[in-house]
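Chemist: work_12.txt is reproduced below (compact mmCIF, C-alpha atoms).
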# COMPACT_ATOMS: atom_id res chain seq x y z
CA MET A 9 -11.99 10.42 60.01
CA PRO A 10 -12.72 13.94 61.23
CA ARG A 11 -13.53 14.07 64.94
CA GLY A 12 -16.73 16.01 64.28
CA GLY A 13 -17.88 13.56 61.60
CA GLY A 14 -18.35 14.17 57.92
CA PRO A 15 -16.63 12.75 54.86
CA VAL A 16 -12.96 12.62 53.98
CA GLU A 17 -12.09 13.21 50.34
CA ILE A 18 -8.97 11.67 48.80
CA THR A 19 -7.90 12.86 45.35
CA VAL A 20 -5.03 11.44 43.31
CA ASP A 21 -3.96 13.22 40.10
CA LEU A 22 -2.36 10.74 37.68
CA THR A 23 -2.06 13.19 34.75
CA ASP A 24 1.77 13.34 34.75
CA VAL A 25 2.10 9.57 35.09
CA MET A 26 -0.34 8.93 32.24
CA ALA A 27 1.49 11.47 30.03
CA ASP A 28 4.76 9.59 30.72
CA VAL A 29 3.07 6.30 29.79
CA ALA A 30 1.73 7.82 26.57
CA GLY A 31 5.20 9.12 25.71
CA ALA A 32 6.85 5.77 26.48
CA THR A 33 4.42 3.94 24.19
CA GLY A 34 4.95 6.40 21.34
CA ALA A 35 1.43 7.79 21.56
CA SER A 36 1.00 11.46 20.85
CA ALA A 37 0.28 13.30 24.07
CA GLY A 38 -1.22 16.32 22.29
CA SER A 39 -3.50 18.14 24.68
CA SER A 40 -3.66 15.33 27.18
CA PRO A 41 -6.79 14.89 29.27
CA ARG A 42 -6.51 14.96 33.05
CA PHE A 43 -6.62 11.66 34.92
CA VAL A 44 -7.94 12.23 38.43
CA LEU A 45 -9.29 9.67 40.90
CA THR A 46 -11.41 10.88 43.81
CA TRP A 47 -12.84 8.90 46.71
CA GLN A 48 -15.19 10.14 49.41
CA ILE A 49 -15.15 8.13 52.63
CA THR A 50 -17.96 8.71 55.09
CA ALA A 51 -18.13 7.41 58.66
CA PRO A 52 -18.95 4.93 59.96
CA VAL A 53 -16.45 2.83 58.07
CA ASP A 54 -17.15 -0.88 58.34
CA ALA A 55 -14.26 -3.14 59.24
CA VAL A 56 -12.16 -3.97 56.21
CA PRO A 57 -10.67 -7.47 56.09
CA THR A 58 -6.89 -7.38 55.83
CA THR A 59 -6.35 -11.03 54.94
CA LEU A 60 -6.36 -12.44 51.43
CA PRO A 61 -8.34 -15.46 50.30
CA ALA A 62 -6.25 -18.62 49.92
CA ASP A 63 -6.67 -18.65 46.11
CA VAL A 64 -5.02 -15.22 45.58
CA ALA A 65 -1.56 -15.47 43.95
CA MET A 66 1.38 -14.09 45.89
CA TRP A 67 3.62 -11.45 44.22
CA ALA A 68 6.54 -13.90 43.91
CA GLU A 69 4.30 -16.25 41.91
CA CYS A 70 3.47 -13.50 39.39
CA GLY A 71 7.04 -12.52 38.51
CA PRO A 72 8.98 -13.60 35.43
CA THR A 73 10.46 -17.08 35.42
CA ALA A 74 13.97 -17.93 34.38
As structure tokens, please, write out the structure in this file.
Modeler:
Amino acid sequence: MPRGGGPVEITVDLTDVMADVAGATGASAGSSPRFVLTWQITAPVDAVPTTLPADVAMWAECGPTA
């Protein structure tokens, strides 16, 4: 967070990724829309738990099975 306070803005532009997905699925990209995610984080930020609940599946459990 900025030392003097105030919000932090995080922007992620997914336009190129989404165009690749559209092309891979055979969809016509045409004049593709922009796909942009923006978050504003303002202090004070509460503590965020970093542990997962016991009922959440682990990545290895979600993979393909032989």
Chemist: One decimal, Å: what's the distance from atom CA of Asp28 of chain A over to atom CA of Val44 of chain A, could you say?
Modeler: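 For atom CA of Asp28 of chain A relative to atom CA of Val44 of chain A, the distance reads 15.1 Å.
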Chemist: Could you check how far atom CA of Val16 of chain A sits from atom CA of Pro52 of chain A, in Å to one decimal?
Modeler: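 Computing the Euclidean distance for atom CA of Val16 of chain A and atom CA of Pro52 of chain A yields 11.4 Å.
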Chemist: What gap, in Å, lies between atom CA of Leu45 of chain A and atom CA of Val25 of chain A?
Modeler: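 Here the two named atoms are 12.8 Å from each other.
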Chemist: Applying 7 Å and all atoms listed in the file, which residues near Thr46 of chain A remain after dropping the ones on its own chain fewer than 5 positions away? List them as a ChimeraX atom specification.
Modeler: /A:17-20
Chemist: Ranking A:Val64, A:Ala51, A:Thr59, A:Pro41 by minimum distance to Met26 of chain A and counting all atoms listed in the file, which one comes first?
Modeler: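 With all atoms listed in the file as the atom set, the closest residue is A:Pro41.
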Chemist: List the residues sitting within 7 Å of (-3.4, 14.3, 38.6) in the file's frame, using only C-alpha atoms, as a VMD selection string.
Modeler: chain A and resid 20 to 24 42 to 44
